[in-house]
file work_11.tsv (TSV, C-alpha atoms)
chain	number	residue	atom	x	y	z
K	827	MET	CA	78.62	-240.47	-219.92
K	828	SER	CA	81.16	-237.66	-220.13
K	829	LEU	CA	83.67	-237.50	-222.95
K	830	PRO	CA	86.85	-239.52	-222.38
K	831	LYS	CA	90.16	-237.94	-221.61
K	832	SER	CA	92.64	-237.40	-224.47
K	833	ALA	CA	95.62	-239.39	-225.72
K	834	VAL	CA	98.69	-239.40	-227.95
K	835	VAL	CA	99.83	-242.61	-229.63
K	836	ALA	CA	103.41	-242.69	-230.90
K	837	GLY	CA	105.96	-245.14	-232.22
K	838	HIS	CA	105.88	-247.66	-235.02
K	839	ILE	CA	103.79	-247.21	-238.18
K	840	CYS	CA	103.94	-249.12	-241.45
K	841	LEU	CA	102.04	-250.11	-244.57
K	842	ASP	CA	100.55	-253.60	-244.38
K	843	ILE	CA	100.26	-255.44	-247.70
K	844	PHE	CA	97.93	-258.44	-247.74
K	845	PRO	CA	98.21	-260.76	-250.77
K	846	SER	CA	94.89	-262.59	-251.09
K	847	LEU	CA	95.30	-266.34	-250.51
K	848	ASP	CA	91.65	-267.13	-249.81
K	849	HIS	CA	91.48	-269.47	-252.80
K	850	LEU	CA	94.02	-271.89	-251.31
K	851	PRO	CA	92.57	-275.02	-249.68
K	852	PRO	CA	93.47	-275.50	-246.01
K	853	GLY	CA	96.66	-277.34	-245.18
K	854	VAL	CA	98.56	-276.86	-248.46
K	855	PHE	CA	100.69	-273.85	-247.57
K	856	GLY	CA	103.82	-275.81	-246.66
K	857	ALA	CA	103.64	-277.90	-249.79
K	858	LEU	CA	103.03	-274.99	-252.17
K	859	PHE	CA	105.49	-272.41	-250.83
K	860	GLN	CA	108.73	-273.98	-251.99
K	861	PRO	CA	111.77	-272.48	-253.80
K	862	GLY	CA	111.15	-271.95	-257.49
K	863	ARG	CA	107.37	-272.12	-257.26
K	864	LEU	CA	105.02	-269.46	-258.62
K	865	ILE	CA	101.95	-269.13	-256.38
K	866	GLU	CA	98.99	-267.34	-257.91
K	867	CYS	CA	97.19	-264.98	-255.53
K	868	GLY	CA	94.31	-262.54	-255.66
K	869	PRO	CA	94.36	-258.73	-255.45
K	870	ALA	CA	96.49	-257.22	-252.69
K	871	ARG	CA	94.88	-255.11	-249.99
K	872	PHE	CA	96.63	-252.19	-248.33
K	873	ALA	CA	96.15	-251.05	-244.75
K	874	THR	CA	98.12	-249.05	-242.24
K	875	GLY	CA	99.78	-251.13	-239.54
K	876	GLY	CA	101.72	-250.79	-236.30
K	877	PRO	CA	100.43	-249.39	-232.99
K	878	VAL	CA	100.23	-245.76	-234.14
K	879	SER	CA	97.73	-246.85	-236.76
K	880	ASN	CA	96.12	-249.88	-235.11
K	881	ALA	CA	95.78	-248.62	-231.53
K	882	GLY	CA	95.58	-244.92	-232.47
K	883	LEU	CA	92.83	-245.29	-235.06
K	884	ALA	CA	91.00	-247.78	-232.83
K	885	LEU	CA	90.96	-245.21	-230.03
K	886	HIS	CA	89.63	-242.68	-232.55
K	887	ARG	CA	86.89	-245.15	-233.53
K	888	LEU	CA	86.04	-245.58	-229.84
K	889	GLY	CA	85.51	-241.84	-229.43
K	890	VAL	CA	88.78	-240.89	-227.72
K	891	PRO	CA	90.31	-237.54	-228.77
K	892	VAL	CA	93.65	-238.81	-230.06
K	893	ARG	CA	96.73	-237.48	-231.86
K	894	LEU	CA	99.38	-239.56	-233.64
K	895	MET	CA	103.18	-239.18	-233.76
K	896	ALA	CA	105.26	-241.25	-236.20
K	897	ARG	CA	107.64	-241.11	-239.19
K	898	VAL	CA	107.22	-242.19	-242.82
K	899	GLY	CA	109.20	-241.52	-245.98
K	900	CYS	CA	108.30	-239.36	-248.97
K	901	ASP	CA	108.09	-242.49	-251.10
K	902	PRO	CA	104.95	-244.12	-252.64
K	903	PHE	CA	104.36	-246.28	-249.55
K	904	GLY	CA	104.54	-243.17	-247.39
K	905	GLU	CA	101.95	-241.45	-249.55
K	906	ILE	CA	99.63	-244.44	-249.14
K	907	VAL	CA	100.04	-244.43	-245.34
K	908	TRP	CA	99.44	-240.68	-245.23
K	909	SER	CA	96.29	-240.89	-247.36
K	910	LEU	CA	94.83	-243.88	-245.49
K	911	VAL	CA	95.21	-242.14	-242.13
K	912	LYS	CA	93.90	-238.85	-243.53
K	913	GLU	CA	90.75	-240.64	-244.74
K	914	LYS	CA	89.87	-241.38	-241.11
K	915	ASP	CA	90.30	-237.76	-240.00
K	916	PRO	CA	92.50	-235.06	-241.61
K	917	ARG	CA	93.64	-233.91	-238.17
K	918	LEU	CA	95.28	-237.26	-237.46
K	919	VAL	CA	98.13	-236.78	-239.95
K	920	SER	CA	99.41	-233.55	-238.38
K	921	GLY	CA	101.90	-235.43	-236.18
K	922	ILE	CA	103.09	-237.92	-238.83
K	923	GLN	CA	106.37	-236.61	-240.18
K	924	ARG	CA	107.40	-237.26	-243.79
K	925	GLU	CA	111.18	-237.51	-244.16
K	926	ALA	CA	112.70	-237.00	-247.61
K	927	GLN	CA	115.57	-239.45	-247.09
K	928	ALA	CA	113.59	-242.10	-245.20
K	929	VAL	CA	112.08	-245.35	-246.46
K	930	THR	CA	108.55	-246.03	-245.27
K	931	SER	CA	108.20	-249.17	-243.19
K	932	TYR	CA	106.11	-251.96	-244.68
K	933	SER	CA	105.01	-255.51	-243.92
K	934	VAL	CA	103.96	-258.20	-246.38
K	935	ILE	CA	101.54	-260.38	-244.42
K	936	ILE	CA	101.18	-263.96	-245.67
K	937	SER	CA	97.99	-265.28	-244.12
K	938	PRO	CA	97.06	-268.70	-245.55
K	939	PRO	CA	93.81	-270.44	-244.53
K	940	ASP	CA	93.95	-272.24	-241.17
K	941	GLN	CA	97.55	-271.22	-240.44
K	942	ASP	CA	99.22	-268.48	-238.46
K	943	ARG	CA	100.54	-265.46	-240.30
K	944	ILE	CA	104.04	-264.91	-241.65
K	945	PHE	CA	105.41	-261.35	-241.70
K	946	LEU	CA	108.03	-259.97	-244.06
K	947	HIS	CA	108.89	-256.67	-242.39
K	948	CYS	CA	111.03	-253.64	-243.26
K	949	PRO	CA	111.44	-251.27	-240.24
K	950	GLY	CA	112.27	-248.28	-242.48
K	951	ALA	CA	111.80	-244.85	-240.91
K	952	ASN	CA	110.83	-246.40	-237.57
K	953	ASP	CA	114.47	-247.26	-236.91
K	954	SER	CA	115.40	-243.58	-236.58
K	955	PHE	CA	112.39	-242.48	-234.48
K	956	SER	CA	113.53	-240.95	-231.15
K	957	ALA	CA	112.53	-238.51	-228.43
K	958	VAL	CA	113.20	-235.55	-230.75
K	959	ASP	CA	110.19	-236.64	-232.83
K	960	LEU	CA	107.77	-236.07	-229.93
K	961	ASP	CA	105.81	-232.88	-229.31
K	962	PHE	CA	106.26	-232.53	-225.55
K	963	ASP	CA	104.11	-229.40	-225.43
K	964	LEU	CA	101.23	-231.51	-226.72
K	965	LEU	CA	102.00	-234.29	-224.22
K	966	SER	CA	101.66	-231.77	-221.41
K	967	GLN	CA	98.08	-231.09	-222.57
K	968	VAL	CA	96.77	-234.67	-222.96
K	969	ASP	CA	96.09	-237.34	-220.35
K	970	LEU	CA	97.70	-240.49	-221.78
K	971	PHE	CA	100.77	-241.23	-223.89
K	972	HIS	CA	100.93	-244.67	-225.51
K	973	PHE	CA	104.15	-245.85	-227.14
K	974	GLY	CA	104.41	-249.04	-229.15
K	975	TYR	CA	106.84	-251.59	-230.59
K	976	PRO	CA	110.31	-250.53	-229.35
K	977	PRO	CA	111.81	-253.95	-230.26
K	978	ILE	CA	111.44	-253.08	-233.96
K	979	MET	CA	112.62	-249.47	-233.65
K	980	ARG	CA	116.42	-249.44	-233.59
K	981	GLN	CA	116.97	-246.21	-231.65
K	982	MET	CA	114.92	-247.71	-228.83
K	983	TYR	CA	117.19	-250.69	-228.13
K	984	VAL	CA	120.75	-249.72	-229.17
K	985	ASN	CA	123.08	-248.36	-226.45
K	986	ASP	CA	121.28	-250.54	-223.88
K	987	GLY	CA	117.93	-248.86	-224.54
K	988	ALA	CA	119.09	-245.31	-223.78
K	989	GLY	CA	116.73	-243.90	-226.43
K	990	LEU	CA	113.67	-245.65	-224.98
K	991	VAL	CA	114.53	-244.60	-221.43
K	992	GLU	CA	115.00	-240.98	-222.54
K	993	LEU	CA	111.75	-240.94	-224.51
K	994	LEU	CA	109.63	-242.43	-221.72
K	995	GLY	CA	111.35	-240.36	-219.04
K	996	ARG	CA	110.76	-237.08	-220.84
K	997	ALA	CA	107.14	-238.06	-221.47
K	998	ARG	CA	106.71	-238.86	-217.79
K	999	GLN	CA	108.02	-235.39	-216.85
K	1000	THR	CA	104.99	-233.82	-218.57
K	1001	GLY	CA	102.70	-235.53	-216.03
K	1002	VAL	CA	100.98	-237.69	-218.64
K	1003	THR	CA	100.03	-241.32	-217.94
K	1004	VAL	CA	102.48	-243.50	-219.87
K	1005	SER	CA	101.56	-246.84	-221.42
K	1006	LEU	CA	103.92	-249.14	-223.30
K	1007	ASP	CA	103.35	-251.97	-225.75
K	1008	MET	CA	105.98	-254.36	-227.10
K	1009	ALA	CA	106.58	-256.45	-230.23
K	1010	PHE	CA	108.22	-259.83	-230.65
K	1011	PRO	CA	111.85	-259.29	-231.67
K	1012	ASP	CA	113.36	-261.37	-234.45
K	1013	PRO	CA	115.62	-263.77	-232.48
K	1014	SER	CA	118.31	-263.58	-235.15
K	1015	SER	CA	118.30	-259.77	-235.32
K	1016	GLU	CA	120.17	-257.11	-233.39
K	1017	SER	CA	117.00	-256.51	-231.39
K	1018	GLY	CA	116.68	-260.20	-230.57
K	1019	ARG	CA	120.20	-260.13	-229.09
K	1020	ALA	CA	119.59	-256.98	-227.01
K	1021	ASP	CA	119.46	-257.26	-223.22
K	1022	TRP	CA	115.77	-256.53	-222.89
K	1023	ARG	CA	115.66	-257.38	-219.19
K	1024	MET	CA	118.15	-254.60	-218.50
K	1025	ILE	CA	116.30	-252.22	-220.86
K	1026	LEU	CA	112.98	-252.85	-219.11
K	1027	GLU	CA	114.54	-252.45	-215.67
K	1028	LYS	CA	115.54	-248.93	-216.69
K	1029	ALA	CA	112.40	-248.09	-218.70
K	1030	LEU	CA	109.51	-249.44	-216.61
K	1031	PRO	CA	109.90	-247.00	-213.69
K	1032	HIS	CA	108.62	-244.41	-216.21
K	1033	VAL	CA	105.62	-246.60	-217.24
K	1034	ASP	CA	102.17	-246.71	-215.65
K	1035	ILE	CA	100.52	-249.34	-217.88
K	1036	PHE	CA	102.55	-252.12	-219.52
K	1037	LEU	CA	100.71	-254.18	-222.17
K	1038	PRO	CA	102.90	-256.89	-223.76
K	1039	SER	CA	101.76	-260.26	-225.02
K	1040	LEU	CA	102.65	-263.30	-222.95
K	1041	GLU	CA	104.91	-264.56	-225.75
K	1042	GLU	CA	106.81	-261.28	-225.96
K	1043	LEU	CA	107.33	-260.96	-222.22
K	1044	LEU	CA	108.34	-264.58	-221.68
K	1045	PHE	CA	110.80	-264.46	-224.59
K	1046	ILE	CA	112.34	-261.24	-223.27
K	1047	LEU	CA	112.59	-262.21	-219.59
K	1048	ARG	CA	112.80	-266.01	-219.56
K	1049	ARG	CA	114.06	-267.29	-222.90
K	1050	LYS	CA	114.73	-270.88	-221.77
K	1051	GLU	CA	111.27	-271.14	-220.23
K	1052	TYR	CA	109.77	-269.68	-223.40
K	1053	ASP	CA	111.53	-272.32	-225.52
K	1054	ARG	CA	110.36	-275.10	-223.20
K	1055	LEU	CA	106.72	-274.03	-223.03
K	1056	ASN	CA	106.46	-273.10	-226.70
K	1057	ARG	CA	107.41	-276.48	-228.10
K	1058	ASP	CA	105.22	-277.07	-231.17
K	1059	GLU	CA	103.92	-273.50	-230.67
K	1060	GLN	CA	101.73	-274.58	-227.76
K	1061	LEU	CA	102.62	-271.82	-225.27
K	1062	LEU	CA	99.06	-270.57	-224.82
K	1063	GLN	CA	97.84	-274.11	-224.22
K	1064	ASN	CA	100.60	-274.74	-221.69
K	1065	LEU	CA	100.28	-271.52	-219.70
K	1066	SER	CA	99.28	-271.55	-216.05
K	1067	ALA	CA	97.96	-268.97	-213.63
K	1068	GLU	CA	101.17	-269.38	-211.65
K	1069	LEU	CA	103.23	-268.34	-214.68
K	1070	LEU	CA	101.09	-265.23	-215.24
K	1071	SER	CA	101.31	-264.31	-211.58
K	1072	SER	CA	105.10	-264.66	-211.34
K	1073	LEU	CA	105.73	-262.80	-214.62
K	1074	SER	CA	103.45	-259.93	-213.65
K	1075	GLU	CA	105.02	-259.68	-210.19
K	1076	GLU	CA	108.43	-259.45	-211.80
K	1077	VAL	CA	107.34	-256.62	-214.07
K	1078	ILE	CA	105.65	-254.72	-211.24
K	1079	GLU	CA	108.85	-255.00	-209.21
K	1080	MET	CA	110.62	-253.33	-212.16
K	1081	GLY	CA	108.33	-250.32	-211.81
K	1082	ALA	CA	105.14	-250.79	-213.86
K	1083	LYS	CA	101.92	-249.95	-212.01
K	1084	ILE	CA	99.47	-251.97	-214.13
K	1085	VAL	CA	100.36	-255.00	-216.25
K	1086	VAL	CA	97.97	-256.33	-218.92
K	1087	LEU	CA	99.11	-259.52	-220.64
K	1088	LYS	CA	97.57	-260.36	-224.02
K	1089	LEU	CA	96.87	-264.10	-224.18
K	1090	GLY	CA	95.49	-264.57	-227.70
K	1091	HIS	CA	92.46	-266.87	-227.62
K	1092	ARG	CA	92.89	-267.22	-223.83
K	1093	GLY	CA	91.85	-263.59	-223.23
K	1094	LEU	CA	93.45	-260.84	-221.13
K	1095	TYR	CA	95.14	-260.97	-217.72
K	1096	LEU	CA	95.56	-257.93	-215.44
K	1097	ARG	CA	97.74	-257.39	-212.38
K	1098	SER	CA	98.29	-254.09	-210.55
K	1099	THR	CA	100.64	-252.87	-207.89
K	1100	THR	CA	100.02	-252.49	-204.17
K	1101	PRO	CA	99.24	-249.08	-202.63
K	1102	SER	CA	102.93	-248.51	-201.89
K	1103	GLY	CA	103.74	-248.96	-205.58
K	1104	TRP	CA	101.85	-245.84	-206.70
K	1105	ARG	CA	104.64	-243.41	-205.87
K	1106	GLN	CA	104.27	-241.46	-209.10
K	1107	VAL	CA	101.47	-241.88	-211.61
K	1108	GLY	CA	100.20	-239.95	-214.62
K	1109	ARG	CA	97.07	-237.86	-214.51
K	1110	ALA	CA	94.80	-240.34	-216.32
K	1111	LEU	CA	94.93	-242.74	-213.36
K	1112	PRO	CA	93.88	-242.36	-209.72
K	1113	PRO	CA	96.78	-241.49	-207.39
K	1114	GLY	CA	97.39	-244.97	-206.03
K	1115	GLN	CA	94.05	-245.55	-204.37
K	1116	GLY	CA	90.62	-246.98	-205.04
K	1117	LEU	CA	89.71	-249.94	-207.22
K	1118	TRP	CA	93.09	-250.25	-209.00
K	1119	ASN	CA	95.09	-251.37	-205.94
K	1120	SER	CA	96.38	-254.96	-205.83
K	1121	ARG	CA	94.14	-256.40	-208.54
K	1122	GLU	CA	94.41	-259.73	-210.35
K	1123	LEU	CA	91.83	-260.46	-213.07
K	1124	TRP	CA	91.53	-262.78	-216.07
K	1125	SER	CA	88.95	-262.05	-218.78
K	1126	PRO	CA	88.03	-264.92	-221.16
K	1127	CYS	CA	87.53	-264.22	-224.86
K	1128	PHE	CA	84.19	-263.50	-226.45
K	1129	GLN	CA	82.90	-266.02	-228.96
K	1130	VAL	CA	83.45	-264.90	-232.56
K	1131	ASN	CA	84.08	-266.26	-236.04
K	1132	VAL	CA	87.78	-265.55	-236.53
K	1133	VAL	CA	88.62	-264.15	-239.98
K	1134	GLY	CA	92.04	-262.66	-239.20
K	1135	THR	CA	94.13	-261.66	-236.19
K	1136	THR	CA	96.08	-258.72	-237.62
K	1137	GLY	CA	96.10	-255.92	-235.04
K	1138	SER	CA	94.04	-257.83	-232.49
K	1139	GLY	CA	96.49	-257.05	-229.68
K	1140	ASP	CA	96.49	-253.35	-230.55
K	1141	ALA	CA	92.69	-253.38	-230.63
K	1142	SER	CA	92.57	-254.95	-227.17
K	1143	ILE	CA	94.95	-252.27	-225.92
K	1144	ALA	CA	92.75	-249.54	-227.42
K	1145	GLY	CA	89.64	-250.95	-225.77
K	1146	PHE	CA	91.36	-251.14	-222.40
K	1147	LEU	CA	92.89	-247.65	-222.62
K	1148	ALA	CA	89.60	-246.14	-223.85
K	1149	ALA	CA	87.95	-247.52	-220.70
K	1150	VAL	CA	90.75	-246.16	-218.49
K	1151	LEU	CA	90.28	-242.74	-220.10
K	1152	ARG	CA	86.58	-242.98	-219.27
K	1153	GLU	CA	87.53	-243.73	-215.63
K	1154	LEU	CA	85.89	-247.17	-215.59
K	1155	SER	CA	86.79	-249.89	-213.10
K	1156	PRO	CA	89.55	-252.44	-213.78
K	1157	GLU	CA	86.90	-255.11	-214.39
K	1158	ARG	CA	85.06	-253.07	-217.00
K	1159	ALA	CA	88.29	-251.90	-218.61
K	1160	LEU	CA	89.52	-255.48	-219.02
K	1161	VAL	CA	86.17	-256.64	-220.42
K	1162	MET	CA	86.13	-253.78	-222.92
K	1163	GLY	CA	89.69	-254.60	-223.99
K	1164	THR	CA	88.65	-258.21	-224.55
K	1165	ALA	CA	85.55	-257.14	-226.49
K	1166	VAL	CA	87.34	-254.73	-228.84
K	1167	GLY	CA	89.97	-257.37	-229.54
K	1168	ALA	CA	87.20	-259.84	-230.37
K	1169	CYS	CA	85.55	-257.40	-232.77
K	1170	ASN	CA	88.90	-256.97	-234.50
K	1171	VAL	CA	89.33	-260.63	-235.46
K	1172	GLU	CA	85.96	-260.71	-237.23
K	1173	GLN	CA	87.65	-259.00	-240.20
K	1174	ALA	CA	91.00	-259.62	-241.90
K	1175	ASP	CA	92.57	-256.19	-241.31
K	1176	ALA	CA	93.18	-254.26	-238.11
K	1177	LEU	CA	90.28	-251.77	-238.22
K	1178	SER	CA	87.31	-252.95	-240.32
K	1179	GLY	CA	85.81	-255.08	-237.57
K	1180	LEU	CA	85.78	-252.36	-234.92
K	1181	HIS	CA	82.58	-250.67	-233.76
K	1182	SER	CA	81.87	-247.49	-231.83
K	1183	TRP	CA	82.17	-247.39	-228.06
K	1184	GLU	CA	78.38	-247.40	-227.66
K	1185	ASP	CA	77.81	-250.28	-230.08
K	1186	THR	CA	80.52	-252.38	-228.43
K	1187	ARG	CA	79.05	-251.79	-224.98
K	1188	SER	CA	75.58	-252.67	-226.29
K	1189	ARG	CA	76.87	-255.93	-227.70
K	1190	ILE	CA	78.34	-256.86	-224.32
K	1191	ALA	CA	75.17	-255.84	-222.48
K	1192	ALA	CA	73.06	-257.94	-224.85
K	1193	GLY	CA	74.68	-261.09	-223.50
K	1194	TRP	CA	77.57	-261.68	-225.91
K	1195	SER	CA	78.74	-265.22	-225.12
K	1196	ARG	CA	82.18	-265.90	-223.68
K	1197	SER	CA	84.46	-268.78	-224.55
K	1198	ALA	CA	84.48	-271.50	-221.93
K	1199	MET	CA	87.44	-271.39	-219.56
K	1200	ASP	CA	88.14	-273.71	-216.64
K	1201	ILE	CA	89.11	-272.40	-213.21
K	1202	PRO	CA	92.63	-271.01	-213.77
K	1203	GLY	CA	93.94	-272.45	-210.49
K	1204	PRO	CA	93.51	-272.60	-206.70
K	1205	GLY	CA	92.05	-269.46	-205.17
K	1206	TRP	CA	90.42	-268.16	-208.37
K	1207	THR	CA	86.73	-267.24	-208.20
K	1208	TRP	CA	84.19	-266.35	-210.89
K	1209	ASP	CA	82.73	-262.82	-210.97
K	1210	PRO	CA	79.28	-263.27	-212.57
K	1211	GLU	CA	78.63	-259.53	-212.84
K	1212	HIS	CA	81.57	-258.96	-215.18
K	1213	SER	CA	82.01	-262.55	-216.45
K	1214	LEU	CA	85.68	-262.84	-215.53
K	1215	TRP	CA	87.94	-264.66	-213.08
K	1216	VAL	CA	89.29	-263.00	-209.93
K	1217	GLY	CA	92.69	-264.21	-208.77
K	1218	PRO	CA	94.01	-265.08	-205.31
K	1219	ALA	CA	96.23	-261.95	-205.29
K	1220	ASP	CA	93.21	-259.67	-205.85
K	1221	ALA	CA	92.54	-257.38	-202.89
K	1222	ALA	CA	88.96	-256.58	-203.90
K	1223	GLY	CA	88.14	-260.23	-204.49

call {"tool": "encode", "arguments": {"input": "work_11.tsv", "output": "structure tokens"}}
result
Amino acid sequence: MSLPKSAVVAGHICLDIFPSLDHLPPGVFGALFQPGRLIECGPARFATGGPVSNAGLALHRLGVPVRLMARVGCDPFGEIVWSLVKEKDPRLVSGIQREAQAVTSYSVIISPPDQDRIFLHCPGANDSFSAVDLDFDLLSQVDLFHFGYPPIMRQMYVNDGAGLVELLGRARQTGVTVSLDMAFPDPSSESGRADWRMILEKALPHVDIFLPSLEELLFILRRKEYDRLNRDEQLLQNLSAELLSSLSEEVIEMGAKIVVLKLGHRGLYLRSTTPSGWRQVGRALPPGQGLWNSRELWSPCFQVNVVGTTGSGDASIAGFLAAVLRELSPERALVMGTAVGACNVEQADALSGLHSWEDTRSRIAAGWSRSAMDIPGPGWTWDPEHSLWVGPADAAG
């Protein structure tokens, strides 16, 4: 197989700090973590976090020629981020700017046994990242530009998202394929109060591939429905194929060409635009024809022993984009995204569980078992070749 096309990953980067809580018995977190209590923990682990690190370094692991663009401070956390990225490949730090007056972003990730994670997050230098931090000459030379986490980057959502629209629009002018990932905004924050529907309506015409999680997209576009379906944090159990179809249609009408929704343990869902929707597309994708037209696919998860879910969404994105850059079909791209995300959760951090492109493909080819998933709804059919569901809106199906 020929070498994949090249990519730039830009946006949010931070230092992830993991206090070790492995010694705690399951189910005691709520009782122990009370005001005034001292909770003994094990040694802390450090890892880089955010899409520039998680998706960018995952693409590097999967053999994609990739460059990174982000901002950190000249503080101790910034030095740690710089050194951790440089360990992977010294060339990867060339686009990470170190600002003397900036504070490096960090997250303290509380991950008790048998419970979902809690994040204590400082946006730091990410809040001032803007279009001026991009190397547009480099973007004109690569095939794909991936940008991640605008809801936790202040310049991307203030002034009704003018900074995000400018950044994506200028990237689009270089002819590169543009992909966009989101993050869940803090509902009580300035970002949580932003009009994200209006921001996306202006930003998505510049986006080829949109890769949010279901929770993020539903919260942003349909807050009341999100609150109703997420009672007792059961959104993924309550989701329906009809919900995925209507949400993806809405996003495609806003301008995105391909929508990939991350569904946690329910897998990945893909929807793409009709032939008339491919008016302008970046060079990493076919010009509105072939196997990407009018597709609807749902890939179940692979069976794994889950150790941690940090960076699993970014890993799924990297697997999918790596397949796109290798010009694989939508079916194979979605399966690879599901597989790389599954490898991720077999380790606690975002990168240790990932394998090379060849090893991941070999694991799939060897008959890696999928999690059982009932028929999503009327009109869905099973594709035994790729082990995924094909939806009623799928032209090829």

call {"tool": "residues_around", "arguments": {"input": "work_11.tsv", "residues": "Lys1083 in chain K", "least_positions_apart": "2", "cutoff": "10 Å", "atoms": "all atoms listed in the file", "output": "PyMOL selection string"}}
result
chain K and resi 1005+1030-1036+1077-1081+1085+1097-1101+1103-1107+1114+1118-1120

call {"tool": "atom_distance", "arguments": {"input": "work_11.tsv", "atom1": "CA of Leu1006 in chain K", "atom2": "CA of Glu925 in chain K"}}
result
25.0 Å

call {"tool": "residues_around", "arguments": {"input": "work_11.tsv", "residues": "Leu993 in chain K", "least_positions_apart": "5", "cutoff": "12 Å", "atoms": "only C-alpha atoms", "output": "JSON list (two decimals) with C-alpha atoms, in the frame of the given file"}}
result
[["chain", "number", "residue", "atom", "x", "y", "z"],
["K", 836, "ALA", "CA", 103.41, -242.69, -230.90],
["K", 837, "GLY", "CA", 105.96, -245.14, -232.22],
["K", 955, "PHE", "CA", 112.39, -242.48, -234.48],
["K", 956, "SER", "CA", 113.53, -240.95, -231.15],
["K", 957, "ALA", "CA", 112.53, -238.51, -228.43],
["K", 958, "VAL", "CA", 113.20, -235.55, -230.75],
["K", 959, "ASP", "CA", 110.19, -236.64, -232.83],
["K", 960, "LEU", "CA", 107.77, -236.07, -229.93],
["K", 961, "ASP", "CA", 105.81, -232.88, -229.31],
["K", 962, "PHE", "CA", 106.26, -232.53, -225.55],
["K", 965, "LEU", "CA", 102.00, -234.29, -224.22],
["K", 971, "PHE", "CA", 100.77, -241.23, -223.89],
["K", 972, "HIS", "CA", 100.93, -244.67, -225.51],
["K", 973, "PHE", "CA", 104.15, -245.85, -227.14],
["K", 974, "GLY", "CA", 104.41, -249.04, -229.15],
["K", 976, "PRO", "CA", 110.31, -250.53, -229.35],
["K", 981, "GLN", "CA", 116.97, -246.21, -231.65],
["K", 982, "MET", "CA", 114.92, -247.71, -228.83],
["K", 983, "TYR", "CA", 117.19, -250.69, -228.13],
["K", 987, "GLY", "CA", 117.93, -248.86, -224.54],
["K", 988, "ALA", "CA", 119.09, -245.31, -223.78],
["K", 998, "ARG", "CA", 106.71, -238.86, -217.79],
["K", 999, "GLN", "CA", 108.02, -235.39, -216.85],
["K", 1000, "THR", "CA", 104.99, -233.82, -218.57],
["K", 1004, "VAL", "CA", 102.48, -243.50, -219.87],
["K", 1006, "LEU", "CA", 103.92, -249.14, -223.30],
["K", 1028, "LYS", "CA", 115.54, -248.93, -216.69],
["K", 1029, "ALA", "CA", 112.40, -248.09, -218.70],
["K", 1030, "LEU", "CA", 109.51, -249.44, -216.61],
["K", 1032, "HIS", "CA", 108.62, -244.41, -216.21],
["K", 1033, "VAL", "CA", 105.62, -246.60, -217.24]]

call {"tool": "atom_distance", "arguments": {"input": "work_11.tsv", "atom1": "CA of Ile906 in chain K", "atom2": "CA of Leu1037 in chain K"}}
result
28.7 Å

call {"tool": "residues_near_point", "arguments": {"input": "work_11.tsv", "point": "(87.6, -256.3, -232.0)", "cutoff": "12 Å", "atoms": "only C-alpha atoms", "output": "compact mmCIF listing (two decimals) with C-alpha atoms, in the coordinates of the input"}}
result
# COMPACT_ATOMS: atom_id res chain seq x y z
CA ASN K 880 96.12 -249.88 -235.11
CA ALA K 881 95.78 -248.62 -231.53
CA ALA K 884 91.00 -247.78 -232.83
CA LEU K 885 90.96 -245.21 -230.03
CA ARG K 887 86.89 -245.15 -233.53
CA LEU K 888 86.04 -245.58 -229.84
CA CYS K 1127 87.53 -264.22 -224.86
CA PHE K 1128 84.19 -263.50 -226.45
CA GLN K 1129 82.90 -266.02 -228.96
CA VAL K 1130 83.45 -264.90 -232.56
CA ASN K 1131 84.08 -266.26 -236.04
CA VAL K 1132 87.78 -265.55 -236.53
CA VAL K 1133 88.62 -264.15 -239.98
CA GLY K 1134 92.04 -262.66 -239.20
CA THR K 1135 94.13 -261.66 -236.19
CA THR K 1136 96.08 -258.72 -237.62
CA GLY K 1137 96.10 -255.92 -235.04
CA SER K 1138 94.04 -257.83 -232.49
CA GLY K 1139 96.49 -257.05 -229.68
CA ASP K 1140 96.49 -253.35 -230.55
CA ALA K 1141 92.69 -253.38 -230.63
CA SER K 1142 92.57 -254.95 -227.17
CA ILE K 1143 94.95 -252.27 -225.92
CA ALA K 1144 92.75 -249.54 -227.42
CA GLY K 1145 89.64 -250.95 -225.77
CA PHE K 1146 91.36 -251.14 -222.40
CA VAL K 1161 86.17 -256.64 -220.42
CA MET K 1162 86.13 -253.78 -222.92
CA GLY K 1163 89.69 -254.60 -223.99
CA THR K 1164 88.65 -258.21 -224.55
CA ALA K 1165 85.55 -257.14 -226.49
CA VAL K 1166 87.34 -254.73 -228.84
CA GLY K 1167 89.97 -257.37 -229.54
CA ALA K 1168 87.20 -259.84 -230.37
CA CYS K 1169 85.55 -257.40 -232.77
CA ASN K 1170 88.90 -256.97 -234.50
CA VAL K 1171 89.33 -260.63 -235.46
CA GLU K 1172 85.96 -260.71 -237.23
CA GLN K 1173 87.65 -259.00 -240.20
CA ALA K 1174 91.00 -259.62 -241.90
CA ASP K 1175 92.57 -256.19 -241.31
CA ALA K 1176 93.18 -254.26 -238.11
CA LEU K 1177 90.28 -251.77 -238.22
CA SER K 1178 87.31 -252.95 -240.32
CA GLY K 1179 85.81 -255.08 -237.57
CA LEU K 1180 85.78 -252.36 -234.92
CA HIS K 1181 82.58 -250.67 -233.76
CA SER K 1182 81.87 -247.49 -231.83
CA TRP K 1183 82.17 -247.39 -228.06
CA ASP K 1185 77.81 -250.28 -230.08
CA THR K 1186 80.52 -252.38 -228.43
CA ARG K 1187 79.05 -251.79 -224.98
CA ARG K 1189 76.87 -255.93 -227.70

call {"tool": "closest_residue", "arguments": {"input": "work_11.tsv", "among": "K:Ser879, K:Ser1197, K:Asn1064, K:Asn1056", "to": "His1091 in chain K", "atoms": "only C-alpha atoms"}}
result
K:Ser1197
